[in-house]
Amino acid sequence: MKSFGLIVIKNAAVNVARGGATAAVALALPHFLTRALSPDRFGAWSLMLQIAACASYLDFGLQTAIARHVAQLMESGDERRINQLASTALTMLTAAGGLALAAIGILLWQLSVFFHGIPPALSHEFRLAALLLAASTCAQLPLSTYTGILIGRHRNEYPALAIGGSRLAGGAAAIVAGFLSHSLIAIAICVAIANLLGSLLQVVFAYRIQPTLRIHLFASDWKLAAQLARYCAGLTIWSFGVFLVNGMDLVVVGHFQFPAVGYYSIATALITCFIGFNFAVINAFMTPIAALHARCELSQIRSSVLLATRWIIVINIALTALVFVFGESALTHWVGSAYAQPAFFILRILVVAQAIRCIGGAFCVMLIATGQQRHGIEGAVVEGIVSLCASLLGAVYFGPAGVAAGTLAGTVCGLLWILMRTMPRAQAVPMVRKDYLIEGMLIPLLACLPVPACALIGVCTHGQFQAWVLPFAIVATGFLLLRIGRLLPIRS
């Protein structure tokens, strides 16, 4: 295997580029569609995207499993086993796609029960457009087999090119369709076709990279299917917990207060970019760590997790401070004051929640890469249940802001669970909690303390002294990071 560091840097770079294309579309679409569509139509579009995205959670972690197993099989050069793995996963993901489409079909059939606030005049158009988006997402599930193969072979640049390019093309077409037709169906067709073409392009790339690849839909190895099912059982429950945190907010808002969906979706669009950037970096560690685990290089794995955690905290403190300092003015320029003012309050709560949540990201990726994902199940379920229950209660008593606060409560519980329960149990790669707290969390938090302090001053004084304090905070943080930040690789 090439240098671990070079692989991680390359994978992180292309993952960020892929996420950057997705983020560009996520930012461009609201900017234009808030102007091309009425508030009800824009809210309906945002809710449709969320419903379709729910289907992606039904991959049961198979794409991750493919990537991990391919990375390990490459170490032994077992091409025949890779073909068996891919064929089996393709069959399982095809069944998952059918299950997801059936579930969404039932939801759309009973649309008035789940989302009674949708105007009757929009119901038919909403159903058809949402079904088109959902069908496209479900069709991409079996095609994600090829994504897993490319990532497992450390060729992340190909999924980045295919997915990033298709997102940009679909977004541009959707903007044109929005202004010309104002039709949700036309916009959905543009996005659905582009996404499918991106997935099909990865099939071409996979066969070009691995000419010996032979994948057949019904050529499954049932023993291998059982092995994948056991591995993915933990990931499935884990994904369900993530779904309760990230996939239900907009649905809860749509059920209780449909008129608020539009501005809540503005906040969640930015949070999606926030999460995507984080996990583009974090996920770059997954296949190299799997390969290191196959070679029993546990010390390097521990050092990599601590280093990644420090970087995650530094990056997220910077991003959170930017939101607090410049968020409202940026939102006003992006979508206009009608959406910006209510969205900004939601955004501040959600960005803090996700910054806390991402702290444990590198550790969780390590669990998956080393086959310890079962230890993460309880934490994910606890976080998901707390988040959903708190969001439902918050929606009843405090409206959309209560839904965001429920997400924050869930993420705090999730991080505490990782530290108190998961870390002592997951000992295949021993991680000392004290070292993790000090080396991974406390040091970067102390180094970056001037930046959140500046943001807090800005909030308390309504920005009165912020312009004076911010340069000093940046200089002080830079000095502390150089002195104590430990952002370069260390030996454990």
# chains A, B, ... in the order shown; residues from 1 in each chain; ligands from 1
call {"tool": "residues_around", "arguments": {"residues": "region 21-27 of chain A", "least_positions_apart": "6", "cutoff": "7 Å", "atoms": "only C-alpha atoms", "output": "PyMOL selection string"}}
result
chain A and resi 164+167-168+171+269+273
call {"tool": "closest_residue", "arguments": {"among": "A:Gly360, A:Gly105, A:Pro471, A:Gly478", "to": "Ile51 (chain A)", "atoms": "only C-alpha atoms"}}
result
A:Gly105
call {"tool": "residues_around", "arguments": {"residues": "Ala447 (chain A)", "least_positions_apart": "6", "cutoff": "9 Å", "atoms": "only C-alpha atoms", "output": "list in words"}}
result
Val314, Ala476, Thr477, Gly478, Phe479, Leu480, Leu481, Leu482, Arg483, Ile484 and Gly485 of chain A
call {"tool": "closest_residue", "arguments": {"among": "A:Leu449, A:Ile289, A:Ala362, A:Leu456", "to": "His154 (chain A)", "atoms": "only C-alpha atoms"}}
result
A:Ile289
call {"tool": "closest_residue", "arguments": {"among": "A:Ala401, A:Ala330, A:Ala294, A:Leu392", "to": "Val251 (chain A)", "atoms": "only C-alpha atoms"}}
result
A:Leu392
call {"tool": "closest_atom_pairs", "arguments": {"of": "region 15-75 of chain A", "to": "region 180-194 of chain A", "cutoff": "12 Å", "atoms": "only C-alpha atoms", "output": "JSON lines"}}
result
{"residue": "A:Val25", "atom": "CA", "partner": "A:Val191", "partner_atom": "CA", "distance": 10.7}
{"residue": "A:Leu29", "atom": "CA", "partner": "A:Ile187", "partner_atom": "CA", "distance": 10.5}
{"residue": "A:Phe32", "atom": "CA", "partner": "A:His182", "partner_atom": "CA", "distance": 11.5}
{"residue": "A:Leu33", "atom": "CA", "partner": "A:His182", "partner_atom": "CA", "distance": 9.0}
{"residue": "A:Thr34", "atom": "CA", "partner": "A:His182", "partner_atom": "CA", "distance": 11.0}
{"residue": "A:Arg35", "atom": "CA", "partner": "A:His182", "partner_atom": "CA", "distance": 10.3}
{"residue": "A:Ala36", "atom": "CA", "partner": "A:His182", "partner_atom": "CA", "distance": 6.6}
{"residue": "A:Leu37", "atom": "CA", "partner": "A:His182", "partner_atom": "CA", "distance": 6.1}
{"residue": "A:Ser38", "atom": "CA", "partner": "A:His182", "partner_atom": "CA", "distance": 8.8}
{"residue": "A:Pro39", "atom": "CA", "partner": "A:His182", "partner_atom": "CA", "distance": 12.0}
{"residue": "A:Asp40", "atom": "CA", "partner": "A:Leu184", "partner_atom": "CA", "distance": 11.2}
{"residue": "A:Arg41", "atom": "CA", "partner": "A:Leu184", "partner_atom": "CA", "distance": 7.5}
{"residue": "A:Phe42", "atom": "CA", "partner": "A:Leu184", "partner_atom": "CA", "distance": 8.9}
{"residue": "A:Gly43", "atom": "CA", "partner": "A:Leu184", "partner_atom": "CA", "distance": 10.9}
{"residue": "A:Ala44", "atom": "CA", "partner": "A:Leu184", "partner_atom": "CA", "distance": 8.4}
{"residue": "A:Trp45", "atom": "CA", "partner": "A:Leu184", "partner_atom": "CA", "distance": 6.8}
{"residue": "A:Ser46", "atom": "CA", "partner": "A:Leu184", "partner_atom": "CA", "distance": 10.5}
{"residue": "A:Leu47", "atom": "CA", "partner": "A:Leu184", "partner_atom": "CA", "distance": 11.5}
{"residue": "A:Met48", "atom": "CA", "partner": "A:Ala188", "partner_atom": "CA", "distance": 9.0}
{"residue": "A:Leu49", "atom": "CA", "partner": "A:Ala188", "partner_atom": "CA", "distance": 9.0}
{"residue": "A:Ala52", "atom": "CA", "partner": "A:Ala192", "partner_atom": "CA", "distance": 10.3}
{"residue": "A:Ala53", "atom": "CA", "partner": "A:Ala192", "partner_atom": "CA", "distance": 11.9}
call {"tool": "write_last_selection", "arguments": {"atoms": "C-alpha atoms", "output": "compact mmCIF listing (two decimals), in the first residue's frame"}}
result
# COMPACT_ATOMS: atom_id res chain seq x y z
CA VAL A 25 -25.60 22.91 -5.54
CA LEU A 29 -30.60 25.93 -5.45
CA PHE A 32 -32.46 30.77 -7.07
CA LEU A 33 -35.49 28.68 -6.14
CA THR A 34 -36.55 31.02 -3.31
CA ARG A 35 -36.88 33.62 -6.05
CA ALA A 36 -38.40 31.35 -8.71
CA LEU A 37 -40.96 29.57 -6.50
CA SER A 38 -43.60 30.70 -4.04
CA PRO A 39 -42.88 30.00 -0.33
CA ASP A 40 -45.27 27.03 -0.36
CA ARG A 41 -43.64 25.53 -3.46
CA PHE A 42 -40.13 26.06 -2.11
CA GLY A 43 -41.13 24.44 1.18
CA ALA A 44 -42.67 21.53 -0.72
CA TRP A 45 -39.48 21.13 -2.78
CA SER A 46 -37.33 21.07 0.36
CA LEU A 47 -39.58 18.47 1.97
CA MET A 48 -39.49 16.30 -1.18
CA LEU A 49 -35.71 16.31 -1.16
CA ALA A 52 -36.12 11.12 -1.13
CA ALA A 53 -32.92 11.36 0.92
call {"tool": "closest_residue", "arguments": {"among": "A:Ala405, A:Leu244, A:Ile317, A:Leu141", "to": "Ile385 (chain A)", "atoms": "only C-alpha atoms"}}
result
A:Leu244
call {"tool": "closest_residue", "arguments": {"among": "A:Arg80, A:Met423, A:Leu62, A:Ala177", "to": "Leu213 (chain A)", "atoms": "only C-alpha atoms"}}
result
A:Arg80
call {"tool": "residues_around", "arguments": {"residues": "Leu270 (chain A)", "least_positions_apart": "4", "cutoff": "10 Å", "atoms": "only C-alpha atoms", "output": "list in words"}}
result
Ala23, Ala26, Leu27, Ser265, Ile266, Phe274, Ile275, Gly276, Val323, Leu331, Leu347, Leu350 and Val351 of chain A
call {"tool": "residues_around", "arguments": {"residues": "Ala95 (chain A)", "least_positions_apart": "4", "cutoff": "10 Å", "atoms": "only C-alpha atoms", "output": "ChimeraX atom specification"}}
result
/A:58-59,89-91,99-100,138,141-142
